[in-house]
>>> print(open('protein_22.cif').read())   # mmCIF, C-alpha atoms
data_data
#
loop_
_atom_site.label_atom_id
_atom_site.label_comp_id
_atom_site.auth_asym_id
_atom_site.auth_seq_id
_atom_site.Cartn_x
_atom_site.Cartn_y
_atom_site.Cartn_z
CA MET A 279 -150.57 50.13 -67.40
CA LEU A 280 -148.59 49.62 -64.21
CA SER A 281 -147.07 53.11 -64.37
CA THR A 282 -150.60 54.51 -64.53
CA ALA A 283 -152.30 52.11 -62.12
CA ILE A 284 -149.76 52.02 -59.28
CA PRO A 285 -149.86 55.79 -58.45
CA ILE A 286 -153.67 55.72 -58.55
CA ILE A 287 -153.73 52.72 -56.19
CA ILE A 288 -151.21 54.39 -53.87
CA GLY A 289 -153.25 57.62 -53.76
CA THR A 290 -156.43 55.71 -52.94
CA ALA A 291 -154.61 53.61 -50.34
CA ILE A 292 -153.28 56.73 -48.58
CA TYR A 293 -156.81 58.03 -48.04
CA SER A 294 -157.84 54.62 -46.70
CA ILE A 295 -154.84 54.62 -44.39
CA THR A 296 -156.03 57.90 -42.85
CA ASN A 297 -159.00 55.95 -41.45
CA LEU A 298 -156.56 53.45 -39.96
CA VAL A 299 -154.66 56.40 -38.50
CA ASP A 300 -157.83 57.46 -36.68
CA MET A 301 -158.35 53.92 -35.41
CA SER A 302 -154.85 53.79 -33.94
CA MET A 303 -154.55 57.39 -32.71
CA VAL A 304 -157.96 58.53 -31.46
CA MET A 305 -158.38 55.99 -28.65
CA SER A 306 -154.77 56.20 -27.50
CA ARG A 307 -154.68 60.02 -27.47
CA LEU A 308 -158.04 60.24 -25.69
CA LEU A 309 -156.77 57.93 -22.95
CA GLU A 310 -153.44 59.76 -22.76
CA SER A 311 -155.33 62.98 -22.02
CA GLY A 312 -156.31 61.45 -18.67
CA ALA A 313 -159.78 63.00 -18.90
CA PHE A 314 -161.67 59.95 -20.15
CA THR A 315 -162.17 56.36 -19.08
CA ASN A 316 -161.83 53.59 -21.63
CA LYS A 317 -165.66 53.38 -21.89
CA GLU A 318 -166.02 57.14 -22.45
CA ALA A 319 -163.28 57.07 -25.10
CA GLU A 320 -165.08 54.21 -26.88
CA VAL A 321 -168.33 56.23 -26.93
CA LEU A 322 -166.56 59.26 -28.45
CA TYR A 323 -164.80 57.07 -31.00
CA GLY A 324 -168.14 55.48 -31.91
CA GLN A 325 -169.63 58.92 -32.56
CA LEU A 326 -166.69 59.71 -34.84
CA GLN A 327 -166.65 56.53 -36.92
CA GLY A 328 -170.26 55.39 -36.72
CA LYS A 329 -171.92 58.76 -37.27
CA TYR A 330 -169.63 61.53 -38.51
CA VAL A 331 -167.58 59.45 -40.98
CA VAL A 332 -170.58 57.53 -42.33
CA LEU A 333 -172.82 60.56 -42.87
CA THR A 334 -170.21 62.96 -44.29
CA THR A 335 -168.88 60.45 -46.82
CA LEU A 336 -172.36 59.66 -48.14
CA PRO A 337 -172.74 62.79 -50.38
CA VAL A 338 -169.15 62.36 -51.57
CA ALA A 339 -170.06 59.01 -53.12
CA ILE A 340 -171.90 60.99 -55.81
CA SER A 341 -168.85 63.19 -56.36
CA THR A 342 -166.65 60.12 -56.67
CA SER A 343 -168.89 58.73 -59.41
CA ILE A 344 -168.64 62.07 -61.24
CA ALA A 345 -164.85 61.95 -60.96
CA THR A 346 -164.81 58.39 -62.34
CA ALA A 347 -167.02 59.39 -65.28
CA ALA A 348 -164.94 62.53 -65.97
CA VAL A 349 -161.60 60.73 -66.42
CA PRO A 350 -162.13 59.18 -69.90
CA ASN A 351 -164.07 62.23 -71.10
CA ILE A 352 -161.29 64.66 -70.20
CA ALA A 353 -158.59 62.23 -71.37
CA ALA A 354 -160.24 62.04 -74.82
CA SER A 355 -160.19 65.83 -75.25
CA MET A 356 -156.61 65.93 -73.95
CA ALA A 357 -155.54 63.34 -76.52
CA LEU A 358 -157.12 65.47 -79.26
CA LYS A 359 -155.27 68.53 -77.88
CA ASP A 360 -158.59 70.34 -77.63
CA ARG A 361 -157.66 72.73 -74.82
CA SER A 362 -160.96 74.62 -74.83
CA ALA A 363 -162.91 71.36 -74.46
CA VAL A 364 -160.58 70.23 -71.65
CA GLU A 365 -161.12 73.51 -69.77
CA ARG A 366 -164.89 73.39 -70.30
CA LYS A 367 -165.17 69.76 -69.13
CA ILE A 368 -162.97 70.33 -66.07
CA ASN A 369 -164.99 73.37 -65.00
CA THR A 370 -168.25 71.48 -65.55
CA ALA A 371 -167.08 68.46 -63.54
CA ILE A 372 -165.94 70.62 -60.61
CA LYS A 373 -169.13 72.69 -60.80
CA ILE A 374 -171.42 69.66 -60.60
CA SER A 375 -169.42 68.34 -57.66
CA MET A 376 -169.74 71.65 -55.80
CA VAL A 377 -173.44 72.03 -56.68
CA ILE A 378 -174.00 68.74 -54.84
CA SER A 379 -171.49 68.93 -51.98
CA VAL A 380 -171.90 72.57 -50.83
CA PRO A 381 -175.65 72.31 -50.02
CA ALA A 382 -175.06 68.87 -48.50
CA ALA A 383 -172.49 70.41 -46.13
CA ILE A 384 -174.71 73.38 -45.18
CA GLY A 385 -177.80 71.22 -44.76
CA MET A 386 -175.98 68.70 -42.60
CA ALA A 387 -174.63 71.50 -40.40
CA VAL A 388 -178.09 73.05 -39.94
CA LEU A 389 -179.89 69.77 -39.17
CA ALA A 390 -177.05 67.90 -37.47
CA ASP A 391 -178.89 67.12 -34.23
CA GLN A 392 -182.18 66.40 -36.00
CA ILE A 393 -180.59 64.00 -38.50
CA LEU A 394 -178.85 62.06 -35.73
CA LEU A 395 -182.07 61.90 -33.68
CA MET A 396 -183.89 60.58 -36.76
CA LEU A 397 -181.26 57.93 -37.58
CA PHE A 398 -180.16 57.04 -34.05
CA PRO A 399 -183.19 57.75 -31.82
CA THR A 400 -181.77 55.91 -28.79
CA VAL A 401 -178.24 57.38 -29.04
CA PRO A 402 -178.54 60.75 -30.85
CA GLU A 403 -175.33 62.27 -29.45
CA GLY A 404 -172.66 63.60 -31.83
CA GLY A 405 -174.40 66.60 -33.41
CA GLU A 406 -171.47 68.88 -32.61
CA LEU A 407 -169.10 66.61 -34.55
CA LEU A 408 -171.41 66.72 -37.55
CA ARG A 409 -171.81 70.51 -37.39
CA ILE A 410 -168.07 71.13 -37.17
CA GLY A 411 -167.10 68.47 -39.68
CA SER A 412 -169.74 69.03 -42.35
CA ILE A 413 -167.36 71.36 -44.21
CA SER A 414 -165.11 68.37 -44.84
CA ILE A 415 -167.73 67.23 -47.40
CA ILE A 416 -166.76 70.16 -49.64
CA PHE A 417 -163.02 69.56 -49.39
CA LEU A 418 -163.30 65.79 -49.80
CA ALA A 419 -165.55 66.18 -52.86
CA LEU A 420 -163.19 68.77 -54.34
CA SER A 421 -160.20 66.51 -53.70
CA GLN A 422 -161.93 63.57 -55.38
CA ILE A 423 -163.04 65.46 -58.48
CA VAL A 424 -159.69 67.21 -59.01
CA THR A 425 -157.87 63.92 -58.44
CA GLY A 426 -159.98 62.36 -61.19
CA THR A 427 -159.29 65.36 -63.43
CA LEU A 428 -155.52 65.14 -62.93
CA GLN A 429 -155.66 61.43 -63.68
CA GLY A 430 -157.68 62.23 -66.80
CA ILE A 431 -154.91 64.49 -68.15
CA GLY A 432 -152.26 61.87 -67.38
CA LYS A 433 -150.83 63.37 -64.16
CA VAL A 434 -151.44 60.33 -61.96
CA ARG A 435 -148.53 60.83 -59.55
CA ILE A 436 -149.47 64.33 -58.37
CA PRO A 437 -152.69 63.31 -56.52
CA ALA A 438 -150.80 60.51 -54.74
CA ILE A 439 -148.10 62.94 -53.55
CA ASN A 440 -150.71 65.47 -52.42
CA ALA A 441 -152.70 62.74 -50.65
CA PHE A 442 -149.49 61.92 -48.73
CA TRP A 443 -149.15 65.54 -47.55
CA GLY A 444 -152.81 65.52 -46.56
CA ALA A 445 -152.24 62.37 -44.49
CA VAL A 446 -149.19 63.97 -42.81
CA THR A 447 -151.34 66.99 -41.94
CA LYS A 448 -153.99 64.72 -40.43
CA ILE A 449 -151.49 62.84 -38.26
CA PHE A 450 -150.01 66.12 -37.01
CA PHE A 451 -153.34 67.64 -35.99
CA ASN A 452 -154.56 64.36 -34.53
CA TYR A 453 -151.51 64.19 -32.28
CA ILE A 454 -151.77 67.83 -31.18
CA LEU A 455 -155.53 68.25 -30.73
CA ILE A 456 -157.12 65.00 -29.53
CA VAL A 457 -155.13 64.93 -26.29
CA ILE A 458 -156.65 68.30 -25.27
CA PRO A 459 -159.66 67.34 -23.08
CA ALA A 460 -161.84 70.26 -24.23
CA VAL A 461 -161.23 69.32 -27.88
CA ASN A 462 -161.07 65.50 -27.56
CA VAL A 463 -162.53 63.64 -30.56
CA LYS A 464 -163.36 66.92 -32.31
CA GLY A 465 -159.62 67.09 -32.98
CA ALA A 466 -159.97 64.14 -35.36
CA VAL A 467 -162.75 65.98 -37.21
CA ILE A 468 -160.62 69.13 -37.48
CA SER A 469 -157.65 67.08 -38.69
CA THR A 470 -159.85 65.46 -41.36
CA ILE A 471 -160.91 68.91 -42.61
CA ALA A 472 -157.26 70.00 -42.66
CA CYS A 473 -156.23 66.82 -44.47
CA TYR A 474 -158.66 67.25 -47.35
CA ALA A 475 -158.19 71.03 -47.45
CA VAL A 476 -154.45 70.56 -47.97
CA ALA A 477 -154.86 67.78 -50.54
CA SER A 478 -157.57 69.58 -52.55
CA SER A 479 -155.70 72.91 -52.51
CA LEU A 480 -152.46 71.30 -53.72
CA ASN A 481 -154.38 69.40 -56.40
CA LEU A 482 -156.11 72.59 -57.60
CA LEU A 483 -152.83 74.53 -57.74
CA ALA A 484 -151.24 71.70 -59.72
CA LEU A 485 -154.22 71.57 -62.10
CA LYS A 486 -154.07 75.31 -62.74
CA ARG A 487 -150.31 75.21 -63.27
CA ILE A 488 -150.45 72.29 -65.72
CA THR A 489 -153.50 73.27 -67.77
CA ARG A 490 -153.25 77.07 -67.36
CA MET A 491 -157.01 77.03 -67.23
CA ARG A 492 -159.25 79.66 -65.65
CA LEU A 493 -161.38 78.42 -62.78
CA ARG A 494 -164.76 80.17 -62.89
CA LEU A 495 -165.04 80.58 -59.13
CA THR A 496 -168.33 82.49 -59.33
CA ASP A 497 -170.03 79.52 -60.97
CA LEU A 498 -168.01 76.83 -59.20
CA LEU A 499 -168.24 78.03 -55.61
CA PHE A 500 -169.87 81.40 -54.93
CA LYS A 501 -173.25 80.69 -56.52
CA PRO A 502 -173.69 77.27 -54.85
CA LEU A 503 -172.58 78.82 -51.54
CA PHE A 504 -175.01 81.74 -51.86
CA ALA A 505 -177.92 79.43 -52.71
CA SER A 506 -176.91 77.02 -49.93
CA LEU A 507 -176.90 79.78 -47.30
CA ILE A 508 -180.43 80.80 -48.31
CA MET A 509 -181.40 77.13 -48.29
CA GLY A 510 -179.89 76.72 -44.80
CA GLY A 511 -181.93 79.64 -43.44
CA VAL A 512 -185.14 78.28 -44.98
CA CYS A 513 -184.31 74.79 -43.69
CA TYR A 514 -183.84 76.02 -40.12
CA GLY A 515 -187.03 78.11 -40.22
CA ALA A 516 -189.03 75.30 -41.83
CA TYR A 517 -187.98 72.81 -39.17
CA LYS A 518 -188.78 75.16 -36.28
CA GLY A 519 -192.13 76.17 -37.77
CA LEU A 520 -193.23 72.66 -38.72
CA PHE A 521 -192.14 71.19 -35.40
CA MET A 522 -194.46 73.58 -33.59
CA ILE A 523 -197.35 72.23 -35.66
CA MET A 524 -196.29 68.57 -35.71
CA PRO A 525 -193.76 67.62 -32.99
CA ASN A 526 -192.44 64.56 -34.82
CA ASN A 527 -188.71 64.89 -35.51
CA THR A 528 -188.48 62.28 -38.29
CA ILE A 529 -191.37 63.60 -40.38
CA VAL A 530 -190.45 67.26 -39.86
CA THR A 531 -186.77 66.60 -40.69
CA LEU A 532 -187.64 64.80 -43.92
CA VAL A 533 -190.14 67.48 -44.97
CA SER A 534 -187.61 70.23 -44.14
CA ILE A 535 -184.99 68.49 -46.30
CA ILE A 536 -187.40 68.24 -49.24
CA ILE A 537 -188.37 71.93 -48.89
CA SER A 538 -184.68 72.89 -48.68
CA MET A 539 -183.81 70.93 -51.82
CA ALA A 540 -186.59 72.67 -53.75
CA VAL A 541 -185.52 76.11 -52.48
CA TYR A 542 -181.89 75.43 -53.40
CA PHE A 543 -182.85 74.28 -56.91
CA PHE A 544 -185.04 77.32 -57.60
CA VAL A 545 -182.47 79.79 -56.21
CA MET A 546 -179.75 78.20 -58.36
CA LEU A 547 -182.00 78.50 -61.42
CA PHE A 548 -182.79 82.13 -60.56
CA ILE A 549 -179.12 83.17 -60.20
CA LYS A 550 -178.15 81.03 -63.22
CA GLY A 551 -176.08 78.71 -61.06
CA ILE A 552 -177.63 75.80 -62.95
CA LEU A 553 -177.85 76.01 -66.74
CA LYS A 554 -179.63 73.86 -69.28
CA ASP A 555 -176.42 72.01 -70.18
CA ASP A 556 -175.89 71.14 -66.51
CA ILE A 557 -179.41 69.70 -66.23
CA TYR A 558 -178.84 67.65 -69.38
CA MET A 559 -176.05 65.79 -67.52
CA LEU A 560 -178.52 64.55 -64.88
CA PRO A 561 -180.51 61.31 -65.29
CA GLY A 562 -183.68 62.31 -67.13
CA GLY A 563 -182.17 65.75 -67.57
CA ARG A 564 -183.94 66.61 -70.82
CA LYS A 565 -187.35 66.03 -69.26
CA ILE A 566 -186.40 68.14 -66.23
CA ALA A 567 -185.11 70.91 -68.50
CA ALA A 568 -188.30 70.82 -70.59
CA LEU A 569 -190.42 71.09 -67.44
CA CYS A 570 -188.34 74.05 -66.21
CA GLU A 571 -188.70 75.78 -69.58
CA ARG A 572 -192.46 75.30 -69.47
CA PHE A 573 -192.55 77.30 -66.23
CA SER A 574 -190.03 79.88 -67.53
CA LEU A 575 -187.36 78.75 -65.06
CA LEU A 576 -184.71 78.34 -67.75
#
>>> encode(input="protein_22.cif", output="structure tokens")
Amino acid sequence: MLSTAIPIIIGTAIYSITNLVDMSMVMSRLLESGAFTNKEAEVLYGQLQGKYVVLTTLPVAISTSIATAAVPNIAASMALKDRSAVERKINTAIKISMVISVPAAIGMAVLADQILLMLFPTVPEGGELLRIGSISIIFLALSQIVTGTLQGIGKVRIPAINAFWGAVTKIFFNYILIVIPAVNVKGAVISTIACYAVASSLNLLALKRITRMRLRLTDLLFKPLFASLIMGGVCYGAYKGLFMIMPNNTIVTLVSIIISMAVYFFVMLFIKGILKDDIYMLPGGRKIAALCERFSLL
């Protein structure tokens, strides 16, 4: 139990430590740049931690729950030496994670300023951080789901090692970028993207090497990305059009999000990015699937 639990705890702790790294580095490097007063540095740090970190980690909470649920499922098939089931379950877990995180990233980038104005009407600054850093949602979700998959097949040390290299990458970019006045706190956002990009890429390479599985990139990434780009265009147009009719940011933002979600769902159904088996995995999935079949969407 200890040999399994300790690497998992270490891997989780490393990701938590990266937040402590930001706490210790961001303020000091901003002040060392000589371009900001202590008050200005505090404002920028508040935008980073209170807005960017909170909002971008919210969609990943769903991915984390998927990763947690996938571990025993994949482990059971691994114990039975059912390689085809292992490959199918891994692809399905990654696909569901990407189906959620890719549109979340695109949507957050498109409505960054509007979301912050809705949530923080008196201090809406920080939209640029959210636009730049929204892509970290994809890499963080991918890192979480592949970490859970590797743990499910018994390779608990690999994610911890890769998390360490991700943390090293973050420290390096933090040190280099934040001190540049034109970059400032955006350097911490870029370093976060780099951190999770490194960790998720190393985890994926390790997963492919160990399982020799084929990753169906068309289903896992390209279809969600295609549907998300269409959704992003509709979302932007819907907000601009509705705001001309009803200049209320909160209502128009919420309506635009609902319209975007519907567009994304229908585009994914049309391009077969979401299949009946995928819908079955959702709460109330059989009822949703039956409704879609009634309207010839499946």
>>> closest_residue(input="protein_22.cif", among="A:Val377, A:Ala387, A:Ile372, A:Met305", to="Leu503 (chain A)", atoms="all atoms listed in the file")
A:Val377
>>> atom_distance(input="protein_22.cif", atom1="CA of Gly515 (chain A)", atom2="CA of Gly405 (chain A)")
18.4 Å
>>> axis_aligned_box(input="protein_22.cif", around="region 562-575 of chain A", padding_each_side="8 Å", output="JSON")
{"center_x": -187.4, "center_y": 71.1, "center_z": -67.9, "size_x": 26.4, "size_y": 33.6, "size_z": 21.8}
>>> closest_atom_pairs(input="protein_22.cif", of="region 476-527 of chain A", to="region 412-430 of chain A", cutoff="7 Å", atoms="all atoms listed in the file", output="JSON lines")
{"residue": "A:Ala477", "atom": "CA", "partner": "A:Ser421", "partner_atom": "CA", "distance": 6.3}
{"residue": "A:Ser478", "atom": "CA", "partner": "A:Ser421", "partner_atom": "CA", "distance": 4.2}
{"residue": "A:Asn481", "atom": "CA", "partner": "A:Val424", "partner_atom": "CA", "distance": 6.3}
{"residue": "A:Leu482", "atom": "CA", "partner": "A:Val424", "partner_atom": "CA", "distance": 6.6}
{"residue": "A:Leu485", "atom": "CA", "partner": "A:Leu428", "partner_atom": "CA", "distance": 6.6}
>>> residues_near_point(input="protein_22.cif", point="(-190.0, 74.1, -43.9)", cutoff="12 Å", atoms="all atoms listed in the file", output="NGL selection string")
:A and (389 or 509-524 or 529-541)
>>> atom_distance(input="protein_22.cif", atom1="CA of Pro337 (chain A)", atom2="CA of Ile384 (chain A)")
12.0 Å
>>> atom_distance(input="protein_22.cif", atom1="CA of Ala354 (chain A)", atom2="CA of Lys486 (chain A)")
19.0 Å
>>> residues_around(input="protein_22.cif", residues="region 437-453 of chain A", least_positions_apart="6", cutoff="6 Å", atoms="all atoms listed in the file", output="PyMOL selection string")
chain A and resi 289+425+465-466+469-470+473+476-477
>>> closest_residue(input="protein_22.cif", among="A:Pro350, A:Gly328, A:Gly385, A:Gly312", to="Ile508 (chain A)", atoms="all atoms listed in the file")
A:Gly385
>>> closest_residue(input="protein_22.cif", among="A:Ile431, A:Val332, A:Val299, A:Cys570", to="Glu365 (chain A)", atoms="only C-alpha atoms")
A:Ile431
>>> residues_near_point(input="protein_22.cif", point="(-161.1, 70.3, -70.8)", cutoff="10 Å", atoms="only C-alpha atoms", output="list in words")
Ala348, Asn351, Ile352, Ala353, Ala354, Ser355, Met356, Lys359, Asp360, Arg361, Ser362, Ala363, Val364, Glu365, Arg366, Lys367, Ile368, Asn369, Thr370, Ala371, Thr427, Gly430, Ile431, Thr489 and Met491 of chain A
>>> residues_around(input="protein_22.cif", residues="Val461 (chain A)", least_positions_apart="2", cutoff="12 Å", atoms="all atoms listed in the file", output="list in words")
Val304, Arg307, Leu308, Ser311, Ala313, Leu322, Glu406, Leu407, Ile410, Phe451, Asn452, Tyr453, Ile454, Leu455, Ile456, Val457, Ile458, Pro459, Val463, Lys464, Gly465, Ala466, Val467, Ile468 and Ser469 of chain A
>>> closest_residue(input="protein_22.cif", among="A:Gln325, A:Lys565, A:Ser306, A:Ile557", to="Val401 (chain A)", atoms="all atoms listed in the file")
A:Gln325
>>> closest_residue(input="protein_22.cif", among="A:Phe548, A:Leu495, A:Ser506, A:Asn527", to="Lys373 (chain A)", atoms="all atoms listed in the file")
A:Leu495
>>> resolve_selection(input="protein_22.cif", expression="the PyMOL selection byres ((chain A and resi 501) around 12)", output="NGL selection string")
:A and (373-374 or 376-377 or 380-381 or 494-500 or 502-508 or 542-543 or 545-552)
>>> build_atoms(input="protein_22.cif", residues="region 312-333 of chain A", atoms="N, CA and C atoms", output="CSV table (one decimal), in the frame of the given file")
chain,number,residue,atom,x,y,z
A,312,GLY,N,-156.0,61.7,-20.1
A,312,GLY,CA,-156.3,61.4,-18.7
A,312,GLY,C,-157.7,61.9,-18.3
A,313,ALA,N,-158.5,62.4,-19.2
A,313,ALA,CA,-159.8,63.0,-18.9
A,313,ALA,C,-160.9,62.0,-19.2
A,314,PHE,N,-160.6,60.9,-19.8
A,314,PHE,CA,-161.7,60.0,-20.2
A,314,PHE,C,-161.3,58.5,-19.7
A,315,THR,N,-162.3,57.8,-19.3
A,315,THR,CA,-162.2,56.4,-19.1
A,315,THR,C,-162.2,55.6,-20.4
A,316,ASN,N,-161.8,54.4,-20.4
A,316,ASN,CA,-161.8,53.6,-21.6
A,316,ASN,C,-163.2,53.5,-22.2
A,317,LYS,N,-164.3,53.4,-21.4
A,317,LYS,CA,-165.7,53.4,-21.9
A,317,LYS,C,-166.0,54.7,-22.5
A,318,GLU,N,-165.7,55.8,-21.9
A,318,GLU,CA,-166.0,57.1,-22.4
A,318,GLU,C,-165.3,57.4,-23.8
A,319,ALA,N,-164.1,56.9,-23.9
A,319,ALA,CA,-163.3,57.1,-25.1
A,319,ALA,C,-163.9,56.2,-26.2
A,320,GLU,N,-164.4,55.1,-25.9
A,320,GLU,CA,-165.1,54.2,-26.9
A,320,GLU,C,-166.4,54.9,-27.4
A,321,VAL,N,-167.1,55.5,-26.5
A,321,VAL,CA,-168.3,56.2,-26.9
A,321,VAL,C,-168.0,57.4,-27.9
A,322,LEU,N,-167.0,58.2,-27.6
A,322,LEU,CA,-166.6,59.3,-28.4
A,322,LEU,C,-166.1,58.7,-29.8
A,323,TYR,N,-165.3,57.7,-29.8
A,323,TYR,CA,-164.8,57.1,-31.0
A,323,TYR,C,-166.0,56.5,-31.8
A,324,GLY,N,-167.0,56.0,-31.2
A,324,GLY,CA,-168.1,55.5,-31.9
A,324,GLY,C,-168.9,56.6,-32.6
A,325,GLN,N,-169.0,57.8,-31.9
A,325,GLN,CA,-169.6,58.9,-32.6
A,325,GLN,C,-168.9,59.4,-33.8
A,326,LEU,N,-167.5,59.3,-33.7
A,326,LEU,CA,-166.7,59.7,-34.8
A,326,LEU,C,-166.9,58.8,-36.0
A,327,GLN,N,-166.6,57.5,-35.8
A,327,GLN,CA,-166.6,56.5,-36.9
A,327,GLN,C,-168.0,56.1,-37.4
A,328,GLY,N,-168.9,55.9,-36.4
A,328,GLY,CA,-170.3,55.4,-36.7
A,328,GLY,C,-171.3,56.4,-37.2
A,329,LYS,N,-171.0,57.7,-36.9
A,329,LYS,CA,-171.9,58.8,-37.3
A,329,LYS,C,-171.3,59.8,-38.2
A,330,TYR,N,-170.2,60.5,-37.7
A,330,TYR,CA,-169.6,61.5,-38.5
A,330,TYR,C,-169.1,61.0,-39.8
A,331,VAL,N,-168.2,60.0,-39.8
A,331,VAL,CA,-167.6,59.4,-41.0
A,331,VAL,C,-168.6,58.9,-42.0
A,332,VAL,N,-169.6,58.1,-41.4
A,332,VAL,CA,-170.6,57.5,-42.3
A,332,VAL,C,-171.4,58.6,-43.0
A,333,LEU,N,-171.9,59.6,-42.3
A,333,LEU,CA,-172.8,60.6,-42.9
A,333,LEU,C,-172.1,61.6,-43.8
